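Coordinates as given in start.pdb (PDB, C-alpha atoms):
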MODEL        1
ATOM      1  CA  MET A   1       0.000   0.000   0.000  1.00  0.00           C
ATOM      2  CA  ASN A   2       2.729   2.479   0.929  1.00  0.00           C
ATOM      3  CA  VAL A   3       4.848   1.474  -2.072  1.00  0.00           C
ATOM      4  CA  LYS A   4       1.974   2.251  -4.461  1.00  0.00           C
ATOM      5  CA  ARG A   5       1.505   5.654  -2.881  1.00  0.00           C
ATOM      6  CA  TYR A   6       5.205   6.487  -3.295  1.00  0.00           C
ATOM      7  CA  ILE A   7       5.153   5.364  -6.932  1.00  0.00           C
ATOM      8  CA  VAL A   8       2.114   7.557  -7.676  1.00  0.00           C
ATOM      9  CA  ILE A   9       3.737  10.549  -5.966  1.00  0.00           C
ATOM     10  CA  LEU A  10       6.972   9.958  -7.891  1.00  0.00           C
ATOM     11  CA  LEU A  11       5.107   9.732 -11.211  1.00  0.00           C
ATOM     12  CA  LEU A  12       3.187  12.944 -10.490  1.00  0.00           C
ATOM     13  CA  PHE A  13       6.434  14.686  -9.592  1.00  0.00           C
ATOM     14  CA  ILE A  14       8.110  13.559 -12.823  1.00  0.00           C
ATOM     15  CA  ILE A  15       5.099  14.658 -14.907  1.00  0.00           C
ATOM     16  CA  SER A  16       5.033  18.074 -13.221  1.00  0.00           C
ATOM     17  CA  LEU A  17       8.707  18.640 -14.033  1.00  0.00           C
ATOM     18  CA  SER A  18       8.027  18.250 -17.739  1.00  0.00           C
ATOM     19  CA  SER A  19       5.034  20.634 -17.784  1.00  0.00           C
ATOM     20  CA  TYR A  20       5.322  24.366 -18.399  1.00  0.00           C
ATOM     21  CA  SER A  21       3.343  26.871 -16.402  1.00  0.00           C
ATOM     22  CA  GLN A  22       3.943  29.738 -18.827  1.00  0.00           C
ATOM     23  CA  MET A  23       5.007  29.486 -22.390  1.00  0.00           C
ATOM     24  CA  TRP A  24       7.760  31.879 -23.455  1.00  0.00           C
ATOM     25  CA  GLY A  25       6.874  33.972 -26.453  1.00  0.00           C
ATOM     26  CA  ILE A  26       7.450  37.400 -27.888  1.00  0.00           C
ATOM     27  CA  PRO A  27       6.540  39.914 -25.160  1.00  0.00           C
ATOM     28  CA  ASN A  28       4.310  42.870 -25.991  1.00  0.00           C
ATOM     29  CA  LEU A  29       5.594  46.448 -25.548  1.00  0.00           C
ATOM     30  CA  THR A  30       9.158  45.414 -24.771  1.00  0.00           C
ATOM     31  CA  THR A  31      10.406  48.984 -24.233  1.00  0.00           C
ATOM     32  CA  PHE A  32       7.431  50.188 -22.167  1.00  0.00           C
ATOM     33  CA  ASP A  33       8.970  49.273 -18.798  1.00  0.00           C
ATOM     34  CA  ASP A  34      12.321  50.783 -19.800  1.00  0.00           C
ATOM     35  CA  LYS A  35      10.896  54.324 -19.927  1.00  0.00           C
ATOM     36  CA  LYS A  36      11.932  56.631 -17.095  1.00  0.00           C
ATOM     37  CA  ILE A  37       8.361  57.779 -16.374  1.00  0.00           C
ATOM     38  CA  HIS A  38       4.989  56.567 -17.558  1.00  0.00           C
ATOM     39  CA  PHE A  39       1.362  57.193 -16.679  1.00  0.00           C
ATOM     40  CA  GLY A  40      -1.827  55.191 -16.364  1.00  0.00           C
ATOM     41  CA  PHE A  41      -5.214  55.249 -14.698  1.00  0.00           C
ATOM     42  CA  THR A  42      -7.263  53.198 -12.254  1.00  0.00           C
ATOM     43  CA  LEU A  43     -10.968  52.518 -12.101  1.00  0.00           C
ATOM     44  CA  GLY A  44     -12.708  50.929  -9.157  1.00  0.00           C
ATOM     45  CA  VAL A  45     -16.008  50.232  -7.450  1.00  0.00           C
ATOM     46  CA  ASN A  46     -16.599  51.015  -3.792  1.00  0.00           C
ATOM     47  CA  THR A  47     -19.346  50.973  -1.191  1.00  0.00           C
ATOM     48  CA  LEU A  48     -19.773  53.661   1.417  1.00  0.00           C
ATOM     49  CA  ASP A  49     -21.314  53.080   4.795  1.00  0.00           C
ATOM     50  CA  LEU A  50     -21.263  55.265   7.857  1.00  0.00           C
ATOM     51  CA  GLY A  51     -22.560  54.093  11.181  1.00  0.00           C
ATOM     52  CA  PHE A  52     -22.868  55.829  14.530  1.00  0.00           C
ATOM     53  CA  SER A  53     -24.131  54.544  17.837  1.00  0.00           C
ATOM     54  CA  HIS A  54     -26.713  56.510  19.759  1.00  0.00           C
ATOM     55  CA  TYR A  55     -25.517  57.608  23.196  1.00  0.00           C
ATOM     56  CA  ASN A  56     -27.435  58.972  26.103  1.00  0.00           C
ATOM     57  CA  THR A  57     -26.837  62.565  27.084  1.00  0.00           C
ATOM     58  CA  LEU A  58     -24.076  63.015  29.641  1.00  0.00           C
ATOM     59  CA  PHE A  59     -26.333  63.291  32.692  1.00  0.00           C
ATOM     60  CA  ASP A  60     -28.442  60.290  31.570  1.00  0.00           C
ATOM     61  CA  ASN A  61     -25.373  58.107  31.083  1.00  0.00           C
ATOM     62  CA  PRO A  62     -25.200  55.390  33.789  1.00  0.00           C
ATOM     63  CA  ASN A  63     -21.371  55.584  33.728  1.00  0.00           C
ATOM     64  CA  PHE A  64     -21.332  59.336  34.400  1.00  0.00           C
ATOM     65  CA  ASP A  65     -20.382  58.870  38.047  1.00  0.00           C
ATOM     66  CA  LYS A  66     -17.394  56.721  37.025  1.00  0.00           C
ATOM     67  CA  MET A  67     -15.999  59.392  34.665  1.00  0.00           C
ATOM     68  CA  GLY A  68     -14.588  61.480  37.489  1.00  0.00           C
ATOM     69  CA  VAL A  69     -16.205  64.718  36.278  1.00  0.00           C
ATOM     70  CA  ASP A  70     -17.555  67.158  38.831  1.00  0.00           C
ATOM     71  CA  PRO A  71     -21.213  67.769  37.774  1.00  0.00           C
ATOM     72  CA  SER A  72     -21.234  71.260  39.292  1.00  0.00           C
ATOM     73  CA  PHE A  73     -19.012  72.475  36.414  1.00  0.00           C
ATOM     74  CA  LEU A  74     -21.406  71.219  33.732  1.00  0.00           C
ATOM     75  CA  THR A  75     -24.618  72.837  32.599  1.00  0.00           C
ATOM     76  CA  GLU A  76     -27.542  71.238  30.779  1.00  0.00           C
ATOM     77  CA  LEU A  77     -26.164  72.688  27.524  1.00  0.00           C
ATOM     78  CA  ASP A  78     -22.870  70.833  28.085  1.00  0.00           C
ATOM     79  CA  SER A  79     -24.821  67.632  28.608  1.00  0.00           C
ATOM     80  CA  VAL A  80     -26.513  67.963  25.204  1.00  0.00           C
ATOM     81  CA  ALA A  81     -23.201  68.880  23.525  1.00  0.00           C
ATOM     82  CA  TYR A  82     -21.596  65.603  24.651  1.00  0.00           C
ATOM     83  CA  ALA A  83     -24.390  63.450  23.166  1.00  0.00           C
ATOM     84  CA  VAL A  84     -23.879  61.935  19.731  1.00  0.00           C
ATOM     85  CA  ARG A  85     -26.996  61.342  17.674  1.00  0.00           C
ATOM     86  CA  ALA A  86     -26.940  60.218  14.056  1.00  0.00           C
ATOM     87  CA  ASP A  87     -28.755  57.990  11.611  1.00  0.00           C
ATOM     88  CA  VAL A  88     -27.203  54.738  10.513  1.00  0.00           C
ATOM     89  CA  SER A  89     -26.919  54.601   6.737  1.00  0.00           C
ATOM     90  CA  GLY A  90     -26.789  51.457   4.613  1.00  0.00           C
ATOM     91  CA  LEU A  91     -24.306  50.444   1.940  1.00  0.00           C
ATOM     92  CA  MET A  92     -24.303  52.872  -0.980  1.00  0.00           C
ATOM     93  CA  PRO A  93     -22.455  52.026  -4.228  1.00  0.00           C
ATOM     94  CA  GLY A  94     -19.941  54.391  -5.800  1.00  0.00           C
ATOM     95  CA  PHE A  95     -16.878  54.417  -8.037  1.00  0.00           C
ATOM     96  CA  THR A  96     -13.260  55.522  -7.867  1.00  0.00           C
ATOM     97  CA  VAL A  97     -11.045  57.104 -10.540  1.00  0.00           C
ATOM     98  CA  GLY A  98      -7.309  57.564 -10.148  1.00  0.00           C
ATOM     99  CA  ILE A  99      -4.128  58.453 -12.007  1.00  0.00           C
ATOM    100  CA  VAL A 100      -0.999  56.301 -11.793  1.00  0.00           C
ATOM    101  CA  THR A 101       2.392  57.976 -12.161  1.00  0.00           C
ATOM    102  CA  ASN A 102       5.356  55.597 -12.192  1.00  0.00           C
ATOM    103  CA  LEU A 103       8.983  56.783 -11.935  1.00  0.00           C
ATOM    104  CA  ARG A 104      11.589  54.119 -12.677  1.00  0.00           C
ATOM    105  CA  LEU A 105      14.518  54.551 -10.293  1.00  0.00           C
ATOM    106  CA  LYS A 106      16.409  51.295 -11.013  1.00  0.00           C
ATOM    107  CA  GLU A 107      15.720  48.031 -12.804  1.00  0.00           C
ATOM    108  CA  ASN A 108      13.734  46.574  -9.911  1.00  0.00           C
ATOM    109  CA  LEU A 109      12.813  49.760  -8.046  1.00  0.00           C
ATOM    110  CA  ASP A 110       9.944  52.085  -8.972  1.00  0.00           C
ATOM    111  CA  LEU A 111       8.404  55.068  -7.232  1.00  0.00           C
ATOM    112  CA  ARG A 112       4.651  55.129  -7.791  1.00  0.00           C
ATOM    113  CA  PHE A 113       2.202  57.950  -7.018  1.00  0.00           C
ATOM    114  CA  ILE A 114      -1.493  57.043  -7.210  1.00  0.00           C
ATOM    115  CA  PRO A 115      -3.905  59.871  -6.318  1.00  0.00           C
ATOM    116  CA  GLY A 116      -7.568  58.952  -6.605  1.00  0.00           C
ATOM    117  CA  LEU A 117     -11.030  60.439  -6.323  1.00  0.00           C
ATOM    118  CA  SER A 118     -13.969  58.470  -4.938  1.00  0.00           C
ATOM    119  CA  PHE A 119     -17.537  59.294  -5.845  1.00  0.00           C
ATOM    120  CA  GLY A 120     -20.426  58.198  -3.664  1.00  0.00           C
ATOM    121  CA  SER A 121     -23.419  59.420  -1.705  1.00  0.00           C
ATOM    122  CA  ARG A 122     -24.606  59.019   1.853  1.00  0.00           C
TER     123      ARG A 122
ENDMDL
END

Can you give me the file's structure in the form of structure tokens?
Amino acid sequence: MNVKRYIVILLLFIISLSSYSQMWGIPNLTTFDDKKIHFGFTLGVNTLDLGFSHYNTLFDNPNFDKMGVDPSFLTELDSVAYAVRADVSGLMPGFTVGIVTNLRLKENLDLRFIPGLSFGSR
């Protein structure tokens, strides 16, 4: 049983040595990567979501006593100012556009600058 397994593994290994993962051919745009600087663009799809949790006002917060704040310094207006209230929005689709600037420093070293602009709505 073990001998058959080793023979199968050996045969698969020998077959994989004779196979080619990529065939060599004439490459396209052979001098494109040799340029000192070249440009391109990016396109993408994104989703925007923004979520907030609703908090109690400061005086209604059960952990207010644990905060170590003296309540005599706070007014009711301060209590409302420390509350965060917002709606939770769902996923909204959008798209992204960007410009790629590539500066070739050495054969295997490039400096790439990719500013982008995302469009979406909330």

For CA of Leu48 (chain A) and CA of Leu91 (chain A), the interatomic separation in Å (one decimal):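 According to the coordinates, CA of Leu48 (chain A) and CA of Leu91 (chain A) are separated by 5.6 Å.
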
Could you tell me which residues the PyMOL selection byres ((chain A and resi 105-120) around 10) grabs in this file, written as an MDAnalysis selection string? chainID A and resid 33:34 36:49 92:104 121:122

Could you work out how far CA of Trp24 (chain A) lies from CA of Leu11 (chain A), giving the answer in Å with one decimal? 25.4 Å
